[in-house]
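Engineer: Below is the file structure_16.cif, which contains mmCIF, C-alpha atoms.
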data_final
loop_
_atom_site.group_PDB
_atom_site.id
_atom_site.type_symbol
_atom_site.label_atom_id
_atom_site.label_comp_id
_atom_site.auth_asym_id
_atom_site.auth_seq_id
_atom_site.Cartn_x
_atom_site.Cartn_y
_atom_site.Cartn_z
ATOM 1 C CA MET A 1 17.595 3.037 -42.629
ATOM 2 C CA ASN A 2 14.348 2.120 -44.409
ATOM 3 C CA TYR A 3 12.440 -0.228 -42.114
ATOM 4 C CA SER A 4 10.482 -1.800 -44.949
ATOM 5 C CA SER A 5 13.754 -2.891 -46.575
ATOM 6 C CA LEU A 6 14.996 -4.148 -43.231
ATOM 7 C CA ILE A 7 11.941 -6.396 -42.911
ATOM 8 C CA SER A 8 12.207 -7.746 -46.457
ATOM 9 C CA ASN A 9 15.915 -8.470 -45.927
ATOM 10 C CA THR A 10 15.398 -10.233 -42.582
ATOM 11 C CA PRO A 11 16.434 -13.709 -43.882
ATOM 12 C CA SER A 12 19.857 -12.381 -44.900
ATOM 13 C CA LEU A 13 20.596 -10.527 -41.652
ATOM 14 C CA SER A 14 23.047 -11.930 -39.132
ATOM 15 C CA LEU A 15 24.168 -10.849 -35.692
ATOM 16 C CA ASP A 16 27.339 -11.207 -33.637
ATOM 17 C CA VAL A 17 25.971 -12.294 -30.254
ATOM 18 C CA PRO A 18 28.120 -12.335 -27.076
ATOM 19 C CA ALA A 19 28.943 -15.868 -25.966
ATOM 20 C CA ASP A 20 27.071 -15.543 -22.663
ATOM 21 C CA LEU A 21 23.824 -14.696 -24.473
ATOM 22 C CA LYS A 22 23.940 -17.074 -27.446
ATOM 23 C CA GLU A 23 21.923 -19.924 -25.950
ATOM 24 C CA ASN A 24 18.954 -17.797 -24.944
ATOM 25 C CA PHE A 25 19.194 -15.701 -28.102
ATOM 26 C CA HIS A 26 18.779 -18.781 -30.297
ATOM 27 C CA ARG A 27 15.879 -19.998 -28.135
ATOM 28 C CA LEU A 28 13.982 -16.861 -29.181
ATOM 29 C CA GLU A 29 13.502 -18.415 -32.626
ATOM 30 C CA GLN A 30 10.875 -20.735 -31.137
ATOM 31 C CA VAL A 31 8.812 -17.833 -29.776
ATOM 32 C CA ILE A 32 6.178 -16.914 -32.352
ATOM 33 C CA ARG A 33 5.023 -13.311 -32.649
ATOM 34 C CA PHE A 34 1.608 -11.957 -33.681
ATOM 35 C CA ASP A 35 -0.289 -15.003 -32.425
ATOM 36 C CA ARG A 36 -3.755 -13.517 -32.107
ATOM 37 C CA ASP A 37 -7.164 -15.032 -32.886
ATOM 38 C CA ASP A 38 -8.372 -12.223 -35.153
ATOM 39 C CA TYR A 39 -5.249 -12.237 -37.347
ATOM 40 C CA PRO A 40 -5.563 -14.211 -40.616
ATOM 41 C CA PRO A 41 -3.859 -17.622 -40.255
ATOM 42 C CA GLY A 42 -0.354 -17.559 -41.717
ATOM 43 C CA ALA A 43 -0.531 -13.901 -42.745
ATOM 44 C CA ILE A 44 2.209 -12.712 -40.379
ATOM 45 C CA VAL A 45 5.219 -14.998 -40.108
ATOM 46 C CA ASP A 46 7.743 -13.775 -37.555
ATOM 47 C CA ASN A 47 9.497 -14.794 -34.356
ATOM 48 C CA VAL A 48 11.214 -12.984 -31.523
ATOM 49 C CA LYS A 49 14.714 -13.823 -32.758
ATOM 50 C CA THR A 50 14.143 -12.075 -36.097
ATOM 51 C CA HIS A 51 12.545 -9.169 -34.219
ATOM 52 C CA VAL A 52 15.700 -8.772 -32.128
ATOM 53 C CA ILE A 53 17.997 -9.061 -35.151
ATOM 54 C CA ARG A 54 16.120 -6.351 -37.058
ATOM 55 C CA GLY A 55 15.973 -4.069 -34.044
ATOM 56 C CA ILE A 56 19.686 -4.285 -33.396
ATOM 57 C CA HIS A 57 20.567 -3.640 -37.038
ATOM 58 C CA PHE A 58 18.353 -0.567 -36.848
ATOM 59 C CA ILE A 59 19.902 0.623 -33.577
ATOM 60 C CA GLN A 60 23.382 0.201 -35.023
ATOM 61 C CA SER A 61 22.443 2.559 -37.869
ATOM 62 C CA LEU A 62 21.578 5.353 -35.421
ATOM 63 C CA ASP A 63 23.867 8.066 -34.073
ATOM 64 C CA LEU A 64 23.603 7.348 -30.342
ATOM 65 C CA GLU A 65 25.630 7.777 -27.203
ATOM 66 C CA ASN A 66 25.974 4.585 -25.162
ATOM 67 C CA LYS A 67 24.966 2.583 -28.228
ATOM 68 C CA ASP A 68 26.536 -0.600 -26.831
ATOM 69 C CA LYS A 69 24.221 -0.400 -23.826
ATOM 70 C CA VAL A 70 21.161 0.055 -26.040
ATOM 71 C CA VAL A 71 22.220 -2.897 -28.207
ATOM 72 C CA ARG A 72 22.665 -5.245 -25.251
ATOM 73 C CA MET A 73 19.411 -4.066 -23.690
ATOM 74 C CA PHE A 74 17.538 -4.766 -26.908
ATOM 75 C CA LEU A 75 19.273 -8.099 -27.345
ATOM 76 C CA ILE A 76 18.026 -9.342 -23.968
ATOM 77 C CA HIS A 77 14.730 -7.461 -23.575
ATOM 78 C CA ASP A 78 12.501 -10.340 -24.667
ATOM 79 C CA PHE A 79 14.306 -13.257 -23.005
ATOM 80 C CA PRO A 80 11.408 -13.730 -20.521
ATOM 81 C CA GLU A 81 9.220 -14.637 -23.508
ATOM 82 C CA ILE A 82 11.207 -17.883 -23.769
ATOM 83 C CA VAL A 83 9.127 -18.859 -20.723
ATOM 84 C CA THR A 84 5.948 -16.790 -21.094
ATOM 85 C CA GLY A 85 5.581 -16.739 -24.876
ATOM 86 C CA ASP A 86 4.899 -13.552 -26.825
ATOM 87 C CA THR A 87 1.634 -11.740 -26.193
ATOM 88 C CA PRO A 88 0.669 -9.237 -28.923
ATOM 89 C CA SER A 89 0.337 -5.644 -27.809
ATOM 90 C CA PRO A 90 -3.398 -5.410 -28.692
ATOM 91 C CA THR A 91 -4.064 -8.427 -26.477
ATOM 92 C CA LYS A 92 -2.371 -6.794 -23.493
ATOM 93 C CA ASP A 93 -3.838 -3.340 -24.107
ATOM 94 C CA ILE A 94 -7.375 -4.262 -25.201
ATOM 95 C CA ASP A 95 -8.249 -7.769 -24.057
ATOM 96 C CA PHE A 96 -6.413 -8.197 -20.758
ATOM 97 C CA SER A 97 -8.134 -7.343 -17.504
ATOM 98 C CA LYS A 98 -6.086 -5.743 -14.735
ATOM 99 C CA ASP A 99 -5.762 -9.175 -13.102
ATOM 100 C CA ASP A 100 -4.619 -10.704 -16.408
ATOM 101 C CA MET A 101 -1.941 -8.043 -16.749
ATOM 102 C CA ASN A 102 -0.763 -8.426 -13.166
ATOM 103 C CA HIS A 103 -0.438 -12.186 -13.682
ATOM 104 C CA TYR A 104 1.450 -11.693 -16.953
ATOM 105 C CA GLU A 105 3.872 -9.208 -15.400
ATOM 106 C CA SER A 106 4.455 -11.501 -12.414
ATOM 107 C CA GLU A 107 5.305 -14.418 -14.722
ATOM 108 C CA GLU A 108 7.554 -12.162 -16.787
ATOM 109 C CA LYS A 109 9.458 -10.961 -13.714
ATOM 110 C CA THR A 110 9.903 -14.521 -12.407
ATOM 111 C CA ALA A 111 11.263 -15.614 -15.793
ATOM 112 C CA ALA A 112 13.600 -12.615 -15.913
ATOM 113 C CA LYS A 113 15.116 -13.495 -12.544
ATOM 114 C CA GLN A 114 15.761 -17.032 -13.781
ATOM 115 C CA LEU A 115 17.294 -16.057 -17.115
ATOM 116 C CA TYR A 116 19.437 -12.994 -16.422
ATOM 117 C CA SER A 117 22.692 -12.270 -14.682
ATOM 118 C CA GLU A 118 22.476 -9.505 -12.073
ATOM 119 C CA ASP A 119 23.751 -6.901 -14.535
ATOM 120 C CA ASP A 120 21.386 -7.980 -17.299
ATOM 121 C CA TYR A 121 18.462 -8.099 -14.886
ATOM 122 C CA ARG A 122 19.126 -4.448 -14.057
ATOM 123 C CA LEU A 123 19.195 -3.679 -17.793
ATOM 124 C CA TRP A 124 15.879 -5.468 -18.238
ATOM 125 C CA GLN A 125 14.410 -3.497 -15.333
ATOM 126 C CA GLU A 126 15.448 -0.280 -17.081
ATOM 127 C CA TYR A 127 13.667 -1.461 -20.213
ATOM 128 C CA ALA A 128 10.573 -2.499 -18.240
ATOM 129 C CA THR A 129 10.454 0.968 -16.661
ATOM 130 C CA ALA A 130 10.468 2.567 -20.115
ATOM 131 C CA SER A 131 7.734 0.225 -21.306
ATOM 132 C CA ALA A 132 5.521 1.032 -18.300
ATOM 133 C CA TRP A 133 6.164 4.770 -18.725
ATOM 134 C CA PHE A 134 5.249 4.776 -22.417
ATOM 135 C CA LYS A 135 2.105 2.751 -21.672
ATOM 136 C CA GLU A 136 1.154 5.290 -18.957
ATOM 137 C CA LYS A 137 1.286 2.658 -16.221
ATOM 138 C CA SER A 138 4.057 4.372 -14.273
ATOM 139 C CA ASP A 139 5.374 7.881 -13.706
ATOM 140 C CA ASN A 140 8.936 6.641 -13.173
ATOM 141 C CA MET A 141 11.078 8.285 -15.827
ATOM 142 C CA PRO A 142 13.057 5.904 -18.051
ATOM 143 C CA THR A 143 16.714 6.197 -18.902
ATOM 144 C CA TYR A 144 17.428 7.568 -22.359
ATOM 145 C CA GLU A 145 18.901 4.232 -23.468
ATOM 146 C CA ALA A 146 15.783 2.345 -22.358
ATOM 147 C CA MET A 147 13.556 4.872 -24.080
ATOM 148 C CA ILE A 148 15.394 4.303 -27.364
ATOM 149 C CA ALA A 149 15.217 0.517 -26.953
ATOM 150 C CA LYS A 150 11.463 0.667 -26.296
ATOM 151 C CA THR A 151 10.979 3.027 -29.225
ATOM 152 C CA VAL A 152 12.686 0.584 -31.593
ATOM 153 C CA ASP A 153 10.660 -2.294 -30.132
ATOM 154 C CA ALA A 154 7.399 -0.460 -30.815
ATOM 155 C CA ILE A 155 8.470 0.598 -34.303
ATOM 156 C CA ASP A 156 9.373 -2.957 -35.278
ATOM 157 C CA GLY A 157 6.020 -4.356 -34.160
ATOM 158 C CA PHE A 158 4.147 -1.543 -35.916
ATOM 159 C CA CYS A 159 6.005 -1.801 -39.220
ATOM 160 C CA VAL A 160 6.107 -5.617 -39.317
ATOM 161 C CA PHE A 161 2.336 -5.799 -38.749
ATOM 162 C CA HIS A 162 1.577 -3.452 -41.647
ATOM 163 C CA TYR A 163 4.239 -5.014 -43.905
ATOM 164 C CA PHE A 164 2.773 -8.504 -43.653
ATOM 165 C CA MET A 165 -0.856 -7.403 -43.461
ATOM 166 C CA THR A 166 -0.671 -5.337 -46.646
ATOM 167 C CA ASP A 167 1.145 -8.209 -48.369
ATOM 168 C CA TRP A 168 -1.661 -10.596 -47.365
ATOM 169 C CA ILE A 169 -4.403 -8.167 -48.440
ATOM 170 C CA ARG A 170 -2.796 -7.829 -51.885
ATOM 171 C CA SER A 171 -2.494 -11.599 -52.260
ATOM 172 C CA ASP A 172 -4.875 -14.266 -53.568
ATOM 173 C CA ASN A 173 -5.249 -15.469 -49.964
ATOM 174 C CA TYR A 174 -7.132 -12.315 -49.021
ATOM 175 C CA SER A 175 -10.616 -12.730 -47.614
ATOM 176 C CA LYS A 176 -12.589 -9.796 -46.249
ATOM 177 C CA GLY A 177 -14.089 -12.087 -43.634
ATOM 178 C CA GLN A 178 -10.629 -12.829 -42.230
ATOM 179 C CA MET A 179 -9.591 -9.216 -41.752
ATOM 180 C CA PRO A 180 -8.451 -8.358 -38.213
ATOM 181 C CA LEU A 181 -10.727 -6.324 -35.976
ATOM 182 C CA ASP A 182 -10.559 -2.569 -36.549
ATOM 183 C CA SER A 183 -9.157 -2.187 -33.037
ATOM 184 C CA SER A 184 -6.229 -4.425 -34.004
ATOM 185 C CA MET A 185 -5.687 -2.672 -37.332
ATOM 186 C CA VAL A 186 -5.322 0.786 -35.785
ATOM 187 C CA HIS A 187 -3.675 -0.218 -32.508
ATOM 188 C CA GLY A 188 -0.162 0.542 -33.745
ATOM 189 C CA PHE A 189 -1.160 3.999 -34.978
ATOM 190 C CA LYS A 190 -2.664 4.748 -31.573
ATOM 191 C CA ASP A 191 0.512 3.565 -29.876
ATOM 192 C CA MET A 192 2.634 5.780 -32.120
ATOM 193 C CA ALA A 193 0.513 8.800 -31.161
ATOM 194 C CA ARG A 194 0.496 7.925 -27.463
ATOM 195 C CA PHE A 195 4.244 7.389 -27.348
ATOM 196 C CA GLN A 196 4.939 10.664 -29.162
ATOM 197 C CA ASN A 197 2.740 12.521 -26.679
ATOM 198 C CA LYS A 198 4.812 11.100 -23.827
ATOM 199 C CA LEU A 199 7.977 12.504 -25.368
ATOM 200 C CA SER A 200 6.819 16.035 -24.572
ATOM 201 C CA LEU A 201 7.593 15.291 -20.906
ATOM 202 C CA LEU A 202 11.290 14.890 -21.694
ATOM 203 C CA ALA A 203 14.019 17.474 -22.025
ATOM 204 C CA GLU A 204 14.001 18.903 -25.545
ATOM 205 C CA HIS A 205 17.355 17.378 -26.504
ATOM 206 C CA GLN A 206 16.048 13.915 -25.555
ATOM 207 C CA GLN A 207 12.955 14.202 -27.730
ATOM 208 C CA GLU A 208 14.568 14.701 -31.120
ATOM 209 C CA THR A 209 15.739 11.190 -32.025
ATOM 210 C CA PRO A 210 12.741 9.155 -30.772
ATOM 211 C CA ARG A 211 10.265 11.641 -32.242
ATOM 212 C CA LEU A 212 11.965 11.399 -35.633
ATOM 213 C CA LEU A 213 11.942 7.600 -35.420
ATOM 214 C CA TYR A 214 8.207 7.504 -34.673
ATOM 215 C CA LYS A 215 7.344 9.922 -37.483
ATOM 216 C CA ASN A 216 9.436 7.957 -39.987
ATOM 217 C CA ALA A 217 7.809 4.708 -38.853
ATOM 218 C CA GLU A 218 4.357 6.172 -39.471
ATOM 219 C CA LYS A 219 5.382 7.304 -42.958
ATOM 220 C CA THR A 220 6.826 3.860 -43.672
ATOM 221 C CA ALA A 221 3.658 2.060 -42.569
ATOM 222 C CA ILE A 222 1.400 4.418 -44.526
ATOM 223 C CA LYS A 223 3.477 3.919 -47.678
ATOM 224 C CA MET A 224 3.005 0.149 -47.374
ATOM 225 C CA TRP A 225 -0.669 0.700 -48.211
ATOM 226 C CA ASP A 226 0.114 2.441 -51.526
ATOM 227 C CA ASP A 227 -0.167 -0.746 -53.596
ATOM 228 C CA VAL A 228 -3.242 -2.142 -51.846
ATOM 229 C CA PRO A 229 -6.428 -1.965 -53.972
ATOM 230 C CA ASN A 230 -8.661 0.789 -52.631
ATOM 231 C CA ASP A 231 -11.636 -1.523 -52.235
ATOM 232 C CA ARG A 232 -9.621 -3.722 -49.870
ATOM 233 C CA ILE A 233 -8.406 -0.969 -47.543
ATOM 234 C CA PRO A 234 -10.546 -0.924 -44.372
ATOM 235 C CA SER A 235 -12.137 2.417 -43.538
ATOM 236 C CA CYS A 236 -10.286 2.590 -40.214
ATOM 237 C CA ILE A 237 -7.022 2.660 -42.190
ATOM 238 C CA VAL A 238 -8.293 5.018 -44.915
ATOM 239 C CA GLU A 239 -8.805 7.627 -42.187
ATOM 240 C CA ARG A 240 -5.083 7.512 -41.415
ATOM 241 C CA LEU A 241 -3.643 7.584 -44.937
#
Output the file's structure in the form of structure tokens.

Structural biologist:
Amino acid sequence: MNYSSLISNTPSLSLDVPADLKENFHRLEQVIRFDRDDYPPGAIVDNVKTHVIRGIHFIQSLDLENKDKVVRMFLIHDFPEIVTGDTPSPTKDIDFSKDDMNHYESEEKTAAKQLYSEDDYRLWQEYATASAWFKEKSDNMPTYEAMIAKTVDAIDGFCVFHYFMTDWIRSDNYSKGQMPLDSSMVHGFKDMARFQNKLSLLAEHQQETPRLLYKNAEKTAIKMWDDVPNDRIPSCIVERL
């Protein structure tokens, strides 16, 4: 499935949500994504509900064992953000101190305990383990299902950022002075490389699908820059095209 098309078709996508999750699922619509000071105002319009919808449509297109588990895990993985709000990945990875991150994770865990059933809390813990492993904050190996869920989560954030950013740069609203910091622009590419490096620690048969997904995501993001005027492409991106 082409992720660029998935993003552009987001308004027409729907999802059959289990009855016990519907209330919290719909609350995700109020949680804004990509809220970061160095991003151009109004350039990226997205929320956690649309993120979850896209991710699940993508997961459903994959040939996976235990797909139902991956779908439910992805459906619930961001419920704590109903309480904490969404914090962009560059903020957590670049701006947060160790104390900031510890506080964030404590709030996230408290929210998770409030929002999940026992079974779903265990699913969320699996996902959190995968997230910590990919971010090199833990050596605890993730389950395969959690690894796939985290992979799709990262791919969505990466592709959505470049989809909306290239659209804004091509538009009449573009202003060079409002461009994000270089560290924000390349953060997703660095994550893609870091995550792919982690895959080498897995058994060979577990590497194939996530590695293919990451490589395709990189190709998709790079292609989004094809129609951007050369004089508007920041040098930090030119190096990666």

Engineer: Run the PyMOL selection byres ((chain A and resi 215-227) around 7) against the file shown and list the residues it catches, as a VMD selection string.

Structural biologist: chain A and resid 4 155 159 162 to 163 166 211 to 214 228 to 229 241

Engineer: Do you have the CA of Val17 (chain A)-CA of Asp153 (chain A) distance handy?

Structural biologist: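 Going from CA of Val17 (chain A) over to CA of Asp153 (chain A) covers 18.3 Å.
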
Engineer: Enter the distance from CA of Phe164 (chain A) to CA of His77 (chain A), in Å, rounded to one decimal.

Structural biologist: 23.4 Å

Engineer: Using the file's own x, y and z axes, what box holds all listed atoms of region 143-153 of chain A with 8 Å on each side, keeping edges along x, y and z, and what are its centre and edge lengths in Å to one decimal, as lines of an AutoDock Vina configuration file?

Structural biologist:
center_x = 14.8
center_y = 2.6
center_z = -25.2
size_x = 24.2
size_y = 25.9
size_z = 28.7

Engineer: Do a neighbour search on region 174-179 of chain A at 12 Å with only C-alpha atoms, toss out local chain neighbours closer than 5 positions, and write the hits as a VMD selection string.

Structural biologist: chain A and resid 37 to 43 164 to 169 184 to 185 228 to 229 231 to 234 236

Engineer: For Glu81 (chain A), which residue out of A:Ala130, A:Leu201, A:Ala112, A:Ala19 is the nearest one, using all atoms listed in the file?

Structural biologist: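 Using all atoms listed in the file, Glu81 (chain A) sits closest to A:Ala112.
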
Engineer: Taking the file above as input, evaluate the PyMOL selection byres ((chain A and resi 78) around 12) and report the hits as an mmCIF file with C-alpha atoms, keeping the file's coordinate frame.

Structural biologist:
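Listing of part.cif after writing:
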data_model
loop_
_atom_site.group_PDB
_atom_site.id
_atom_site.type_symbol
_atom_site.label_atom_id
_atom_site.label_comp_id
_atom_site.auth_asym_id
_atom_site.auth_seq_id
_atom_site.Cartn_x
_atom_site.Cartn_y
_atom_site.Cartn_z
ATOM 1 C CA ASN A 24 18.954 -17.797 -24.944
ATOM 2 C CA PHE A 25 19.194 -15.701 -28.102
ATOM 3 C CA HIS A 26 18.779 -18.781 -30.297
ATOM 4 C CA ARG A 27 15.879 -19.998 -28.135
ATOM 5 C CA LEU A 28 13.982 -16.861 -29.181
ATOM 6 C CA GLU A 29 13.502 -18.415 -32.626
ATOM 7 C CA VAL A 31 8.812 -17.833 -29.776
ATOM 8 C CA ILE A 32 6.178 -16.914 -32.352
ATOM 9 C CA ARG A 33 5.023 -13.311 -32.649
ATOM 10 C CA ASN A 47 9.497 -14.794 -34.356
ATOM 11 C CA VAL A 48 11.214 -12.984 -31.523
ATOM 12 C CA LYS A 49 14.714 -13.823 -32.758
ATOM 13 C CA THR A 50 14.143 -12.075 -36.097
ATOM 14 C CA HIS A 51 12.545 -9.169 -34.219
ATOM 15 C CA VAL A 52 15.700 -8.772 -32.128
ATOM 16 C CA ILE A 53 17.997 -9.061 -35.151
ATOM 17 C CA GLY A 55 15.973 -4.069 -34.044
ATOM 18 C CA ARG A 72 22.665 -5.245 -25.251
ATOM 19 C CA MET A 73 19.411 -4.066 -23.690
ATOM 20 C CA PHE A 74 17.538 -4.766 -26.908
ATOM 21 C CA LEU A 75 19.273 -8.099 -27.345
ATOM 22 C CA ILE A 76 18.026 -9.342 -23.968
ATOM 23 C CA HIS A 77 14.730 -7.461 -23.575
ATOM 24 C CA PHE A 79 14.306 -13.257 -23.005
ATOM 25 C CA PRO A 80 11.408 -13.730 -20.521
ATOM 26 C CA GLU A 81 9.220 -14.637 -23.508
ATOM 27 C CA ILE A 82 11.207 -17.883 -23.769
ATOM 28 C CA VAL A 83 9.127 -18.859 -20.723
ATOM 29 C CA THR A 84 5.948 -16.790 -21.094
ATOM 30 C CA GLY A 85 5.581 -16.739 -24.876
ATOM 31 C CA ASP A 86 4.899 -13.552 -26.825
ATOM 32 C CA THR A 87 1.634 -11.740 -26.193
ATOM 33 C CA GLU A 108 7.554 -12.162 -16.787
ATOM 34 C CA LYS A 109 9.458 -10.961 -13.714
ATOM 35 C CA ALA A 111 11.263 -15.614 -15.793
ATOM 36 C CA ALA A 112 13.600 -12.615 -15.913
ATOM 37 C CA LEU A 115 17.294 -16.057 -17.115
ATOM 38 C CA TYR A 116 19.437 -12.994 -16.422
ATOM 39 C CA ASP A 120 21.386 -7.980 -17.299
ATOM 40 C CA TYR A 121 18.462 -8.099 -14.886
ATOM 41 C CA LEU A 123 19.195 -3.679 -17.793
ATOM 42 C CA TRP A 124 15.879 -5.468 -18.238
ATOM 43 C CA GLN A 125 14.410 -3.497 -15.333
ATOM 44 C CA TYR A 127 13.667 -1.461 -20.213
ATOM 45 C CA ALA A 128 10.573 -2.499 -18.240
ATOM 46 C CA ALA A 149 15.217 0.517 -26.953
ATOM 47 C CA LYS A 150 11.463 0.667 -26.296
ATOM 48 C CA ASP A 153 10.660 -2.294 -30.132
#

Engineer: For the file shown, what are the residues hit by the PyMOL selection byres ((chain A and resi 202) around 12), laid out as a ChimeraX atom specification?

Structural biologist: /A:133-134,141-144,147,195-201,203-211

Engineer: Rank A:Leu15, A:Ile237, A:Val45, A:Leu64 by their smallest atom-to-atom distance to Ile148 (chain A), using all atoms listed in the file, and report the top residue only.

Structural biologist: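 The shortest atom-to-atom distance to Ile148 (chain A) comes from A:Leu64.
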
Engineer: Just give me the gap between CA of Ser8 (chain A) and CA of Arg194 (chain A) in Å, one decimal is fine.

Structural biologist: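 Computing the Euclidean distance for CA of Ser8 (chain A) and CA of Arg194 (chain A) yields 27.3 Å.
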